[in-house]
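J.: Sharing run34.pdb, PDB, C-alpha atoms and all ligand atoms:
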```pdb
ATOM      1  CA  MET A   1    -161.396 -33.896-151.369  1.00  0.00           C
ATOM      2  CA  ARG A   2    -158.720 -32.642-149.071  1.00  0.00           C
ATOM      3  CA  VAL A   3    -155.393 -31.817-150.577  1.00  0.00           C
ATOM      4  CA  GLY A   4    -152.173 -32.172-148.666  1.00  0.00           C
ATOM      5  CA  ASN A   5    -149.024 -30.159-148.731  1.00  0.00           C
ATOM      6  CA  CYS A   6    -145.654 -30.889-150.201  1.00  0.00           C
ATOM      7  CA  VAL A   7    -143.414 -32.246-147.445  1.00  0.00           C
ATOM      8  CA  SER A   8    -140.383 -30.584-149.005  1.00  0.00           C
ATOM      9  CA  CYS A   9    -141.535 -27.027-149.638  1.00  0.00           C
ATOM     10  CA  GLY A  10    -144.936 -26.932-147.955  1.00  0.00           C
ATOM     11  CA  GLN A  11    -147.008 -25.644-150.808  1.00  0.00           C
ATOM     12  CA  GLY A  12    -150.458 -27.090-151.450  1.00  0.00           C
ATOM     13  CA  LEU A  13    -150.711 -29.996-153.834  1.00  0.00           C
ATOM     14  CA  ILE A  14    -152.850 -28.162-156.310  1.00  0.00           C
ATOM     15  CA  LEU A  15    -150.440 -27.907-159.195  1.00  0.00           C
ATOM     16  CA  LYS A  16    -150.228 -30.337-162.039  1.00  0.00           C
ATOM     17  CA  GLY A  17    -147.648 -33.028-161.429  1.00  0.00           C
ATOM     18  CA  SER A  18    -148.069 -33.118-157.688  1.00  0.00           C
ATOM     19  CA  THR A  19    -148.453 -36.483-156.041  1.00  0.00           C
ATOM     20  CA  LEU A  20    -149.581 -37.952-152.773  1.00  0.00           C
ATOM     21  CA  PHE A  21    -148.522 -41.359-151.604  1.00  0.00           C
ATOM     22  CA  THR A  22    -148.444 -43.397-148.434  1.00  0.00           C
ATOM     23  CA  CYS A  23    -145.179 -43.864-146.576  1.00  0.00           C
ATOM     24  CA  SER A  24    -143.768 -47.358-146.922  1.00  0.00           C
ATOM     25  CA  SER A  25    -142.866 -47.513-143.233  1.00  0.00           C
ATOM     26  CA  CYS A  26    -145.903 -45.917-141.625  1.00  0.00           C
ATOM     27  CA  ASP A  27    -149.317 -44.775-142.699  1.00  0.00           C
ATOM     28  CA  ASN A  28    -148.483 -41.146-143.178  1.00  0.00           C
ATOM     29  CA  LYS A  29    -149.435 -39.505-146.408  1.00  0.00           C
ATOM     30  CA  ILE A  30    -146.495 -37.892-148.127  1.00  0.00           C
ATOM     31  CA  GLY A  31    -147.171 -35.181-150.620  1.00  0.00           C
ATOM     32  CA  ARG A  32    -144.796 -33.850-153.189  1.00  0.00           C
ATOM     33  CA  CYS A  33    -145.399 -31.004-155.568  1.00  0.00           C
ATOM     34  CA  GLY A  34    -144.480 -31.037-159.228  1.00  0.00           C
ATOM     35  CA  ASP A  35    -141.601 -28.644-158.672  1.00  0.00           C
ATOM     36  CA  CYS A  36    -139.941 -30.832-156.076  1.00  0.00           C
ATOM     37  CA  ARG A  37    -140.420 -33.962-158.153  1.00  0.00           C
ATOM     38  CA  GLU A  38    -138.908 -32.281-161.163  1.00  0.00           C
ATOM     39  CA  GLN A  39    -135.943 -31.062-159.171  1.00  0.00           C
ATOM     40  CA  ALA A  40    -135.649 -34.395-157.344  1.00  0.00           C
ATOM     41  CA  VAL A  41    -135.808 -32.650-154.001  1.00  0.00           C
ATOM     42  CA  GLY A  42    -135.459 -35.111-151.162  1.00  0.00           C
ATOM     43  CA  TYR A  43    -138.298 -35.697-148.730  1.00  0.00           C
ATOM     44  CA  ALA A  44    -138.649 -37.013-145.224  1.00  0.00           C
ATOM     45  CA  CYS A  45    -141.751 -38.605-143.789  1.00  0.00           C
ATOM     46  CA  PRO A  46    -143.161 -36.325-141.072  1.00  0.00           C
ATOM     47  CA  GLY A  47    -144.228 -39.379-139.109  1.00  0.00           C
ATOM     48  CA  CYS A  48    -141.270 -41.769-139.045  1.00  0.00           C
ATOM     49  CA  GLY A  49    -138.476 -39.780-140.649  1.00  0.00           C
ATOM     50  CA  THR A  50    -137.944 -42.112-143.571  1.00  0.00           C
ATOM     51  CA  SER A  51    -136.343 -40.136-146.353  1.00  0.00           C
ATOM     52  CA  GLY A  52    -136.089 -40.712-150.045  1.00  0.00           C
ATOM     53  CA  PRO A  53    -135.013 -39.101-153.279  1.00  0.00           C
TER      54      PRO A  53
HETATM   55 ZN    ZN B   1    -142.546 -29.029-153.116  1.00  0.00          ZN
HETATM   56 ZN    ZN B   2    -143.356 -42.771-142.429  1.00  0.00          ZN
END
```
Write the structure described by the file as C-alpha cells, please.
Ligand SMILES: [Zn+2]
Ligand SMILES: [Zn+2]

T.:
Amino acid sequence: MRVGNCVSCGQGLILKGSTLFTCSSCDNKIGRCGDCREQAVGYACPGCGTSGP
C-alpha cells in the first residue's frame, strides 16, 4: 500500500492520526498528518486549489 504525504507539511502519512481523503472538487487524494489535523493547519488541494480548515 502506497502512503501519501501531508499536503500541509509534506511528511509521509505514516504516523498515527494521519488521514487520506479524496478532494470534493476533483479526484486528487489529499493527505493530512496527525500533527496538522491536531493543529487545524489549513490545506489546499494540489490539483484544483480547493482549501479547507
Ligand atoms: Zn502535516
Ligand atoms: Zn481538488

J.: Enumerate as a short mmCIF file (atom, residue, chain, number, x, y, z; two decimals) with C-alpha atoms, keeping the file's coordinate frame the residues within 9 Å of ligand ZN 2 (chain B), counting only C-alpha atoms and all ligand atoms.

T.:
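Saved to pocket16.cif:
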```cif
data_model
loop_
_atom_site.label_atom_id
_atom_site.label_comp_id
_atom_site.auth_asym_id
_atom_site.auth_seq_id
_atom_site.Cartn_x
_atom_site.Cartn_y
_atom_site.Cartn_z
CA THR A 22 -148.44 -43.40 -148.43
CA CYS A 23 -145.18 -43.86 -146.58
CA SER A 24 -143.77 -47.36 -146.92
CA SER A 25 -142.87 -47.51 -143.23
CA CYS A 26 -145.90 -45.92 -141.62
CA ASP A 27 -149.32 -44.78 -142.70
CA ASN A 28 -148.48 -41.15 -143.18
CA LYS A 29 -149.44 -39.51 -146.41
CA ILE A 30 -146.50 -37.89 -148.13
CA ALA A 44 -138.65 -37.01 -145.22
CA CYS A 45 -141.75 -38.60 -143.79
CA PRO A 46 -143.16 -36.33 -141.07
CA GLY A 47 -144.23 -39.38 -139.11
CA CYS A 48 -141.27 -41.77 -139.04
CA GLY A 49 -138.48 -39.78 -140.65
CA THR A 50 -137.94 -42.11 -143.57
CA SER A 51 -136.34 -40.14 -146.35
#
```

J.: Evaluate the PyMOL selection byres (((not hetatm)) within 8 of (chain B and resi 1)) here and jot the selected residues down as an mmCIF file with C-alpha atoms, in the coordinates of the input.

T.:
```cif
data_model
loop_
_atom_site.group_PDB
_atom_site.id
_atom_site.type_symbol
_atom_site.label_atom_id
_atom_site.label_comp_id
_atom_site.auth_asym_id
_atom_site.auth_seq_id
_atom_site.Cartn_x
_atom_site.Cartn_y
_atom_site.Cartn_z
ATOM 1 C CA ASN A 5 -149.024 -30.159 -148.731
ATOM 2 C CA CYS A 6 -145.654 -30.889 -150.201
ATOM 3 C CA VAL A 7 -143.414 -32.246 -147.445
ATOM 4 C CA SER A 8 -140.383 -30.584 -149.005
ATOM 5 C CA CYS A 9 -141.535 -27.027 -149.638
ATOM 6 C CA GLY A 10 -144.936 -26.932 -147.955
ATOM 7 C CA GLN A 11 -147.008 -25.644 -150.808
ATOM 8 C CA ARG A 32 -144.796 -33.850 -153.189
ATOM 9 C CA CYS A 33 -145.399 -31.004 -155.568
ATOM 10 C CA GLY A 34 -144.480 -31.037 -159.228
ATOM 11 C CA ASP A 35 -141.601 -28.644 -158.672
ATOM 12 C CA CYS A 36 -139.941 -30.832 -156.076
ATOM 13 C CA ARG A 37 -140.420 -33.962 -158.153
ATOM 14 C CA VAL A 41 -135.808 -32.650 -154.001
#
```

J.: Give me the result of the PyMOL selection byres (((chain A and resi 53) around 7) and not hetatm) on this file, residue by residue, as a VMD selection string.

T.: chain A and resid 40 to 43 52

J.: Around all listed atoms of stretch 14-23 of chain A, padded 5 Å per side, what centre and edge lengths does the axis-aligned box have in Å to one decimal, as JSON?

T.:
```
{"center_x": -149.0, "center_y": -35.9, "center_z": -154.3, "size_x": 17.7, "size_y": 26.0, "size_z": 25.5}
```

J.: Starting from the incomplete input, reconstruct N, CA and C atoms of stretch 13-41 of chain A and write that as a PDB file, in the coordinates of the input.

T.:
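Saved file rebuild-v6.pdb follows:
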```
ATOM      1  N   LEU A  13    -150.849 -29.113-152.676  1.00  0.00           N
ATOM      2  CA  LEU A  13    -150.711 -29.996-153.834  1.00  0.00           C
ATOM      3  C   LEU A  13    -151.816 -29.747-154.849  1.00  0.00           C
ATOM      4  N   ILE A  14    -151.802 -28.538-155.375  1.00  0.00           N
ATOM      5  CA  ILE A  14    -152.850 -28.162-156.310  1.00  0.00           C
ATOM      6  C   ILE A  14    -152.316 -28.047-157.727  1.00  0.00           C
ATOM      7  N   LEU A  15    -151.019 -28.071-157.872  1.00  0.00           N
ATOM      8  CA  LEU A  15    -150.440 -27.907-159.195  1.00  0.00           C
ATOM      9  C   LEU A  15    -150.352 -29.242-159.916  1.00  0.00           C
ATOM     10  N   LYS A  16    -150.368 -29.148-161.213  1.00  0.00           N
ATOM     11  CA  LYS A  16    -150.228 -30.337-162.039  1.00  0.00           C
ATOM     12  C   LYS A  16    -148.877 -30.992-161.755  1.00  0.00           C
ATOM     13  N   GLY A  17    -148.896 -32.316-161.669  1.00  0.00           N
ATOM     14  CA  GLY A  17    -147.648 -33.028-161.429  1.00  0.00           C
ATOM     15  C   GLY A  17    -147.406 -33.352-159.971  1.00  0.00           C
ATOM     16  N   SER A  18    -148.252 -32.802-159.102  1.00  0.00           N
ATOM     17  CA  SER A  18    -148.069 -33.118-157.688  1.00  0.00           C
ATOM     18  C   SER A  18    -148.580 -34.524-157.406  1.00  0.00           C
ATOM     19  N   THR A  19    -148.050 -35.114-156.358  1.00  0.00           N
ATOM     20  CA  THR A  19    -148.453 -36.483-156.041  1.00  0.00           C
ATOM     21  C   THR A  19    -148.600 -36.665-154.549  1.00  0.00           C
ATOM     22  N   LEU A  20    -149.374 -37.652-154.185  1.00  0.00           N
ATOM     23  CA  LEU A  20    -149.581 -37.952-152.773  1.00  0.00           C
ATOM     24  C   LEU A  20    -149.508 -39.465-152.622  1.00  0.00           C
ATOM     25  N   PHE A  21    -148.633 -39.919-151.777  1.00  0.00           N
ATOM     26  CA  PHE A  21    -148.522 -41.359-151.604  1.00  0.00           C
ATOM     27  C   PHE A  21    -148.358 -41.700-150.125  1.00  0.00           C
ATOM     28  N   THR A  22    -148.543 -42.953-149.816  1.00  0.00           N
ATOM     29  CA  THR A  22    -148.444 -43.397-148.434  1.00  0.00           C
ATOM     30  C   THR A  22    -147.027 -43.867-148.137  1.00  0.00           C
ATOM     31  N   CYS A  23    -146.511 -43.461-146.997  1.00  0.00           N
ATOM     32  CA  CYS A  23    -145.179 -43.864-146.576  1.00  0.00           C
ATOM     33  C   CYS A  23    -145.080 -45.383-146.519  1.00  0.00           C
ATOM     34  N   SER A  24    -143.939 -45.906-146.915  1.00  0.00           N
ATOM     35  CA  SER A  24    -143.768 -47.358-146.922  1.00  0.00           C
ATOM     36  C   SER A  24    -143.536 -47.908-145.523  1.00  0.00           C
ATOM     37  N   SER A  25    -143.163 -47.047-144.590  1.00  0.00           N
ATOM     38  CA  SER A  25    -142.866 -47.513-143.233  1.00  0.00           C
ATOM     39  C   SER A  25    -143.984 -47.234-142.237  1.00  0.00           C
ATOM     40  N   CYS A  26    -144.770 -46.210-142.489  1.00  0.00           N
ATOM     41  CA  CYS A  26    -145.903 -45.917-141.625  1.00  0.00           C
ATOM     42  C   CYS A  26    -147.063 -45.506-142.510  1.00  0.00           C
ATOM     43  N   ASP A  27    -148.140 -45.079-141.902  1.00  0.00           N
ATOM     44  CA  ASP A  27    -149.317 -44.775-142.699  1.00  0.00           C
ATOM     45  C   ASP A  27    -149.462 -43.313-143.058  1.00  0.00           C
ATOM     46  N   ASN A  28    -148.411 -42.555-142.850  1.00  0.00           N
ATOM     47  CA  ASN A  28    -148.483 -41.146-143.178  1.00  0.00           C
ATOM     48  C   ASN A  28    -148.606 -40.931-144.676  1.00  0.00           C
ATOM     49  N   LYS A  29    -149.352 -39.899-145.011  1.00  0.00           N
ATOM     50  CA  LYS A  29    -149.435 -39.505-146.408  1.00  0.00           C
ATOM     51  C   LYS A  29    -148.302 -38.517-146.686  1.00  0.00           C
ATOM     52  N   ILE A  30    -147.591 -38.770-147.753  1.00  0.00           N
ATOM     53  CA  ILE A  30    -146.495 -37.892-148.127  1.00  0.00           C
ATOM     54  C   ILE A  30    -146.839 -37.220-149.444  1.00  0.00           C
ATOM     55  N   GLY A  31    -146.846 -35.922-149.412  1.00  0.00           N
ATOM     56  CA  GLY A  31    -147.171 -35.181-150.620  1.00  0.00           C
ATOM     57  C   GLY A  31    -145.929 -34.564-151.223  1.00  0.00           C
ATOM     58  N   ARG A  32    -145.908 -34.519-152.519  1.00  0.00           N
ATOM     59  CA  ARG A  32    -144.796 -33.850-153.189  1.00  0.00           C
ATOM     60  C   ARG A  32    -145.366 -33.047-154.345  1.00  0.00           C
ATOM     61  N   CYS A  33    -144.898 -31.831-154.482  1.00  0.00           N
ATOM     62  CA  CYS A  33    -145.399 -31.004-155.568  1.00  0.00           C
ATOM     63  C   CYS A  33    -144.610 -31.285-156.844  1.00  0.00           C
ATOM     64  N   GLY A  34    -145.125 -30.818-157.943  1.00  0.00           N
ATOM     65  CA  GLY A  34    -144.480 -31.037-159.228  1.00  0.00           C
ATOM     66  C   GLY A  34    -143.080 -30.453-159.277  1.00  0.00           C
ATOM     67  N   ASP A  35    -142.913 -29.292-158.675  1.00  0.00           N
ATOM     68  CA  ASP A  35    -141.601 -28.644-158.672  1.00  0.00           C
ATOM     69  C   ASP A  35    -140.555 -29.517-157.996  1.00  0.00           C
ATOM     70  N   CYS A  36    -140.906 -30.036-156.820  1.00  0.00           N
ATOM     71  CA  CYS A  36    -139.941 -30.832-156.076  1.00  0.00           C
ATOM     72  C   CYS A  36    -139.664 -32.174-156.759  1.00  0.00           C
ATOM     73  N   ARG A  37    -140.656 -32.730-157.415  1.00  0.00           N
ATOM     74  CA  ARG A  37    -140.420 -33.962-158.153  1.00  0.00           C
ATOM     75  C   ARG A  37    -139.466 -33.698-159.309  1.00  0.00           C
ATOM     76  N   GLU A  38    -139.722 -32.620-160.005  1.00  0.00           N
ATOM     77  CA  GLU A  38    -138.908 -32.281-161.163  1.00  0.00           C
ATOM     78  C   GLU A  38    -137.458 -32.027-160.766  1.00  0.00           C
ATOM     79  N   GLN A  39    -137.297 -31.387-159.623  1.00  0.00           N
ATOM     80  CA  GLN A  39    -135.943 -31.062-159.171  1.00  0.00           C
ATOM     81  C   GLN A  39    -135.358 -32.155-158.290  1.00  0.00           C
ATOM     82  N   ALA A  40    -136.101 -33.261-158.140  1.00  0.00           N
ATOM     83  CA  ALA A  40    -135.649 -34.395-157.344  1.00  0.00           C
ATOM     84  C   ALA A  40    -135.241 -33.976-155.939  1.00  0.00           C
ATOM     85  N   VAL A  41    -136.049 -33.084-155.369  1.00  0.00           N
ATOM     86  CA  VAL A  41    -135.808 -32.650-154.001  1.00  0.00           C
ATOM     87  C   VAL A  41    -136.121 -33.799-153.045  1.00  0.00           C
TER      88      VAL A  41
END
```
